[in-house]
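Asks: There's a structure below that I have some questions on.
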Amino acid sequence: MIGSILVSHDGPLGKTEWRRAIESISQTARSLANLRTLAIAEVRAATDPLTGLPNRRTLDDTLKRTLAQAGRTMTPVSAILFDLDDFKKINDVHGHEKGDEVLAAVGAVISTTIRQSDMAGRSGGEEFLVILPDTDRHGALRLAEKLRVALTRIAVIGVEQPITGSFGAASYPDDGTDPGALVRSADRALYRAKTSGKNRVEVAVAAGDPRELETGSVL
């Protein structure tokens, strides 16, 4: 809903008044239609068409604003980065159409699992980013595990391969004080989840920690 037109008059409209009212309504309606078209274009520019989730550009903008707000209010922010395990095999065995169905199903699961205050989007390929305002490390781990379990329940007709994901979680300010650093910390944790068996959640640890050195994932 972009707008509405309300016409009020104390008595019946004469022919001249009625014609003027119709002309005025027509002009206003065209303006509202233009606003609606612009709003639709803005939504499409900010949305991944396959999953219906925000796209990478929207995620980047949101993370910048969220961290700026967190810096002013001294509140934590967490980021969860995950991707689907062995997704290439789904495309290779079942075709890209089925792969797209899986991605769309993942988008639906994410939308119904995260909180209203969170934002999740497709950051590229089979990778997704979840931004959690006012959420510490423990809260991020709980949601990441909830998402991990939810993925395993996805069933796409014609795809026999289980749908699973590997997750990395990182929190501001401990794991990064700017968007790039925070996402890189989550990415290193995701890498560790991949190399530790997949279908699991890992949390960011400090550079030089033995858990990072074992995977060779320090960037």
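By order of appearance in the structure tokens: chains A, B, ..., then residues from 1 within every chain, and ligands from 1 in the order shown.
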Which residues are close to Glu160 of chain A, i.e. within 10 Å by only C-alpha atoms, leaving aside same-chain residues fewer than 4 positions away? Reply as a ChimeraX atom specification.
Replies: /A:90,94,155-156
Asks: Need the shell around segment 189-205 of chain A: protein/DNA/RNA residues with any atom at most 8 Å away, counting only C-alpha atoms. Skip same-chain ones fewer than 5 positions apart. Format as a PDB file with N, CA and C atoms, in the first residue's frame?
Replies:
```
ATOM      1  N   LEU A  81      27.833 -16.951   9.580  1.00  0.00           N
ATOM      2  CA  LEU A  81      28.085 -17.216   8.168  1.00  0.00           C
ATOM      3  C   LEU A  81      28.006 -18.719   7.963  1.00  0.00           C
ATOM      4  N   PHE A  82      27.216 -19.152   6.998  1.00  0.00           N
ATOM      5  CA  PHE A  82      27.149 -20.598   6.735  1.00  0.00           C
ATOM      6  C   PHE A  82      26.962 -20.860   5.256  1.00  0.00           C
ATOM      7  N   ASP A  85      26.593 -27.793   2.629  1.00  0.00           N
ATOM      8  CA  ASP A  85      27.619 -28.815   2.417  1.00  0.00           C
ATOM      9  C   ASP A  85      27.381 -29.553   1.095  1.00  0.00           C
ATOM     10  N   ARG A 137      27.866 -13.935  21.904  1.00  0.00           N
ATOM     11  CA  ARG A 137      28.362 -15.178  21.332  1.00  0.00           C
ATOM     12  C   ARG A 137      27.435 -16.358  21.640  1.00  0.00           C
ATOM     13  N   LEU A 141      25.429 -18.762  18.974  1.00  0.00           N
ATOM     14  CA  LEU A 141      25.590 -20.211  18.915  1.00  0.00           C
ATOM     15  C   LEU A 141      24.243 -20.924  18.984  1.00  0.00           C
ATOM     16  N   ALA A 144      22.527 -20.427  15.617  1.00  0.00           N
ATOM     17  CA  ALA A 144      23.219 -21.188  14.577  1.00  0.00           C
ATOM     18  C   ALA A 144      22.863 -22.668  14.669  1.00  0.00           C
ATOM     19  N   GLU A 145      22.820 -23.195  15.876  1.00  0.00           N
ATOM     20  CA  GLU A 145      22.456 -24.600  16.046  1.00  0.00           C
ATOM     21  C   GLU A 145      21.000 -24.838  15.643  1.00  0.00           C
ATOM     22  N   ARG A 148      21.019 -24.931  11.947  1.00  0.00           N
ATOM     23  CA  ARG A 148      21.640 -26.176  11.462  1.00  0.00           C
ATOM     24  C   ARG A 148      20.643 -27.324  11.492  1.00  0.00           C
ATOM     25  N   THR A 164      22.513 -30.190   4.477  1.00  0.00           N
ATOM     26  CA  THR A 164      23.170 -29.773   5.712  1.00  0.00           C
ATOM     27  C   THR A 164      24.003 -28.527   5.441  1.00  0.00           C
ATOM     28  N   GLY A 165      24.409 -27.868   6.534  1.00  0.00           N
ATOM     29  CA  GLY A 165      25.235 -26.680   6.400  1.00  0.00           C
ATOM     30  C   GLY A 165      26.306 -26.628   7.468  1.00  0.00           C
ATOM     31  N   SER A 166      27.370 -25.924   7.170  1.00  0.00           N
ATOM     32  CA  SER A 166      28.447 -25.691   8.128  1.00  0.00           C
ATOM     33  C   SER A 166      28.413 -24.221   8.520  1.00  0.00           C
ATOM     34  N   PHE A 167      28.533 -23.952   9.817  1.00  0.00           N
ATOM     35  CA  PHE A 167      28.295 -22.624  10.360  1.00  0.00           C
ATOM     36  C   PHE A 167      29.509 -22.082  11.104  1.00  0.00           C
ATOM     37  N   GLY A 168      29.733 -20.777  10.936  1.00  0.00           N
ATOM     38  CA  GLY A 168      30.733 -20.067  11.710  1.00  0.00           C
ATOM     39  C   GLY A 168      30.097 -18.846  12.344  1.00  0.00           C
ATOM     40  N   ALA A 169      30.339 -18.629  13.629  1.00  0.00           N
ATOM     41  CA  ALA A 169      29.749 -17.499  14.344  1.00  0.00           C
ATOM     42  C   ALA A 169      30.848 -16.615  14.918  1.00  0.00           C
ATOM     43  N   ALA A 170      30.626 -15.310  14.854  1.00  0.00           N
ATOM     44  CA  ALA A 170      31.575 -14.353  15.408  1.00  0.00           C
ATOM     45  C   ALA A 170      30.791 -13.201  16.024  1.00  0.00           C
ATOM     46  N   SER A 171      31.399 -12.527  17.005  1.00  0.00           N
ATOM     47  CA  SER A 171      30.695 -11.474  17.733  1.00  0.00           C
ATOM     48  C   SER A 171      31.519 -10.198  17.835  1.00  0.00           C
ATOM     49  N   ASP A 175      35.475 -10.335  18.244  1.00  0.00           N
ATOM     50  CA  ASP A 175      36.015 -10.999  17.053  1.00  0.00           C
ATOM     51  C   ASP A 175      36.184 -10.071  15.865  1.00  0.00           C
ATOM     52  N   ARG A 211      43.252 -24.082  17.800  1.00  0.00           N
ATOM     53  CA  ARG A 211      42.153 -24.561  16.958  1.00  0.00           C
ATOM     54  C   ARG A 211      42.201 -23.927  15.585  1.00  0.00           C
ATOM     55  N   GLU A 212      42.689 -22.691  15.493  1.00  0.00           N
ATOM     56  CA  GLU A 212      42.849 -22.059  14.183  1.00  0.00           C
ATOM     57  C   GLU A 212      44.068 -22.621  13.461  1.00  0.00           C
ATOM     58  N   THR A 215      43.791 -25.967  11.445  1.00  0.00           N
ATOM     59  CA  THR A 215      43.131 -25.996  10.128  1.00  0.00           C
ATOM     60  C   THR A 215      43.865 -25.137   9.113  1.00  0.00           C
ATOM     61  N   SER A 217      43.689 -21.954   8.884  1.00  0.00           N
ATOM     62  CA  SER A 217      42.706 -21.039   8.341  1.00  0.00           C
ATOM     63  C   SER A 217      42.912 -19.589   8.772  1.00  0.00           C
TER      64      SER A 217
END
```
Asks: For the atom pair atom CA of Pro54 of chain A and atom CA of Asn34 of chain A, what is the interatomic distance in Å to one decimal place?
Replies: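 Atom CA of Pro54 of chain A sits 23.4 Å away from atom CA of Asn34 of chain A.
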Asks: Neighbouring residues of Thr28 of chain A were defined as those with any atom within 12 Å, considering only C-alpha atoms; residues of the same chain fewer than 3 positions away were excluded. Please report them as a list in words.
Replies: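 Everything that qualifies: Ile2, Gly3, Ser4, Ile5, Leu6, Val7, Ala21, Ile22, Glu23, Ser24, Ile25, Ser31, Leu32, Ala33, Asn34 and Leu35 of chain A.
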Asks: Within 10 Å of Leu103 of chain A, counting only C-alpha atoms, which residues qualify if same-chain residues fewer than 3 places away don't, as a PyMOL selection string?
Replies: chain A and resi 50-51+84+87+97-100+106-109+122+125-127
Asks: Could the residues in this selection be written to a file with N, CA and C atoms, as a tab-separated table (two decimals), in the first residue's frame?
Replies:
```tsv
chain	number	residue	atom	x	y	z
A	50	LEU	N	16.01	-15.46	-6.03
A	50	LEU	CA	15.82	-16.90	-5.88
A	50	LEU	C	15.29	-17.27	-4.49
A	51	THR	N	15.86	-16.67	-3.46
A	51	THR	CA	15.49	-17.02	-2.09
A	51	THR	C	14.49	-16.06	-1.47
A	84	LEU	N	26.06	-24.32	2.40
A	84	LEU	CA	25.51	-25.67	2.30
A	84	LEU	C	26.62	-26.65	1.97
A	87	PHE	N	27.08	-28.75	-1.92
A	87	PHE	CA	26.01	-28.25	-2.78
A	87	PHE	C	26.31	-28.50	-4.25
A	97	GLU	N	18.32	-26.80	-11.69
A	97	GLU	CA	16.94	-26.49	-11.31
A	97	GLU	C	16.64	-27.00	-9.91
A	98	LYS	N	17.09	-28.23	-9.63
A	98	LYS	CA	16.89	-28.77	-8.29
A	98	LYS	C	17.75	-28.01	-7.27
A	99	GLY	N	18.94	-27.61	-7.70
A	99	GLY	CA	19.77	-26.80	-6.83
A	99	GLY	C	19.08	-25.50	-6.45
A	100	ASP	N	18.40	-24.89	-7.42
A	100	ASP	CA	17.66	-23.66	-7.14
A	100	ASP	C	16.51	-23.93	-6.17
A	106	VAL	N	15.91	-23.33	1.49
A	106	VAL	CA	16.77	-22.82	2.56
A	106	VAL	C	16.35	-21.40	2.94
A	107	GLY	N	16.06	-20.59	1.93
A	107	GLY	CA	15.60	-19.23	2.21
A	107	GLY	C	14.34	-19.21	3.04
A	108	ALA	N	13.40	-20.11	2.73
A	108	ALA	CA	12.15	-20.18	3.49
A	108	ALA	C	12.41	-20.61	4.92
A	109	VAL	N	13.29	-21.58	5.11
A	109	VAL	CA	13.61	-22.06	6.45
A	109	VAL	C	14.26	-20.95	7.28
A	122	ARG	N	21.31	-13.91	1.38
A	122	ARG	CA	22.20	-14.73	0.58
A	122	ARG	C	23.40	-13.88	0.19
A	125	GLY	N	26.28	-17.45	-4.03
A	125	GLY	CA	26.28	-18.89	-4.24
A	125	GLY	C	25.39	-19.60	-3.24
A	126	GLU	N	25.98	-20.55	-2.51
A	126	GLU	CA	25.24	-21.28	-1.48
A	126	GLU	C	25.60	-20.80	-0.09
A	127	GLU	N	26.08	-19.56	0.01
A	127	GLU	CA	26.51	-19.00	1.29
A	127	GLU	C	25.51	-17.96	1.78
```
Asks: Counting only C-alpha atoms, what is within 12 Å of Thr177 of chain A, bar same-chain residues fewer than 6 positions away, as a list in words?
Replies: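 These residues fall inside the cut-off: Leu63, Lys64, Thr66, Leu67, Ala68, Ala70, Gly71, Met74, Pro76, Val77, Ser78, Ala79, Ala170, Ser171, Val183, Arg184 and Ser185 of chain A.
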Asks: Which one of A:Thr16, A:Ser8, A:Gln116, A:Gln161 sits closest to Asn91 of chain A if you count only C-alpha atoms?
Replies: A:Gln161
Asks: When you look at segment 111-115 of chain A with a cut-off of 10 Å (counting only C-alpha atoms), what residues show up, excluding the ones that are within fewer than 4 positions of it in the same chain? I need them as a ChimeraX atom specification.
Replies: /A:51-53,105-107,119-121,130-132,143-144,146-147,150
Asks: Enumerate the residues of segment 38-90 of chain A with a DSSP assignment of strand (DSSP E or B), computed from the backbone, and present them as a list of chain:residue names.
Replies: A:Thr47, A:Pro54, A:Val77, A:Ser78, A:Ala79, A:Ile80, A:Leu81, A:Phe82, A:Asp83, A:Leu84
Asks: So which one's closest to Arg188 of chain A, A:Thr135, A:Leu59, A:His96, A:Ile80? Using only C-alpha atoms, please.
Replies: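 Going through A:Thr135, A:Leu59, A:His96, A:Ile80 one by one, the smallest distance to Arg188 of chain A is for A:Ile80.
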